[in-house]
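First the structure, in the form of structure tokens, and then the observations on it.
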Amino acid sequence: MKPDDPLLRILACPLDKGPLHLVVPEGAAEVLYNPRLHRRYPIVDGIPQLLPASGEQVSDDEHEELLKRMAP
């Protein structure tokens, strides 16, 4: 998924219905991130996994790291 992908404008977090941000963590696969809830959602073979059970809560340290890596 690319940062300018039009799909990113319509994807929403399944929990708070807010926007998600594309993040490429160093040495890991890209994810969609909800900084409001500190939850990340995986992208598997180019397909966002947006079921509530697919999301993972992140620690405060990981949250700060993901914020630094968010695509503009």
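FYI, nothing fancy with the structure tokens labels: chains A, B, ... in order, residues from 1 per chain, ligands from 1 as they appear.
For stretch 12-14 of chain A, the residues within 7 Å (counting only C-alpha atoms, excluding itself and residues fewer than 5 positions away along the chain) are Pro19, Leu20, Asn34, Leu50, Leu51 and Pro52 of chain A.
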Write the residues you've just listed into a file as a CSV table (one decimal), in the first residue's frame, and include N, CA and C atoms for each of them.
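Final file, selection-v3.csv:
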chain,number,residue,atom,x,y,z
A,19,PRO,N,-10.0,8.1,11.2
A,19,PRO,CA,-9.0,7.7,10.2
A,19,PRO,C,-7.9,6.9,10.7
A,20,LEU,N,-7.3,6.1,9.8
A,20,LEU,CA,-6.1,5.3,10.1
A,20,LEU,C,-4.9,5.9,9.3
A,34,ASN,N,-4.0,3.6,14.5
A,34,ASN,CA,-5.0,4.6,15.0
A,34,ASN,C,-4.3,5.1,16.3
A,50,LEU,N,-9.1,-5.3,9.1
A,50,LEU,CA,-9.7,-4.3,9.9
A,50,LEU,C,-10.8,-4.8,10.8
A,51,LEU,N,-10.8,-6.1,11.2
A,51,LEU,CA,-11.7,-6.6,12.2
A,51,LEU,C,-11.2,-6.1,13.5
A,52,PRO,N,-12.1,-5.8,14.5
A,52,PRO,CA,-11.6,-5.4,15.8
A,52,PRO,C,-10.7,-6.4,16.4
Polymer residues at most 9 Å from stretch 55-71 of chain A, only C-alpha atoms, same-chain spacing of 4 or more positions, as a list in words: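 In the requested form, the answer reads Pro3, His21, Leu22, Val23, Val24, Pro25, Glu26, Tyr33, Pro35, Leu37, His38, Arg39, Arg40, Tyr41, Pro42, Gln49, Leu50 and Leu51 of chain A.
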Those in chain A with alpha helix (DSSP H) from DSSP, as JSON, numbers by chain: {"A": [7, 8, 9, 10, 60, 61, 62, 63, 64, 65, 66, 67, 68, 69]}
Chain A: residues DSSP assigns to strand (DSSP E or B), reported as a list in words: Ala12, Pro19, His21, Leu22, Val23, Val31, Leu32, Tyr33, Asn34, Arg39, Arg40, Tyr41, Pro42, Ile43, Val44, Ile47, Pro48, Glu56, Gln57 and Met70 of chain A
Within 10 Å of A:Pro48 using only C-alpha atoms, minus same-chain residues under 2 positions, as a list of chain:residue names: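 Contacts, with the query itself left out: A:Met1, A:Leu11, A:Glu30, A:Val31, A:Leu32, A:Tyr41, A:Pro42, A:Ile43, A:Val44, A:Asp45, A:Gly46, A:Leu50, A:Leu51, A:Ser54.
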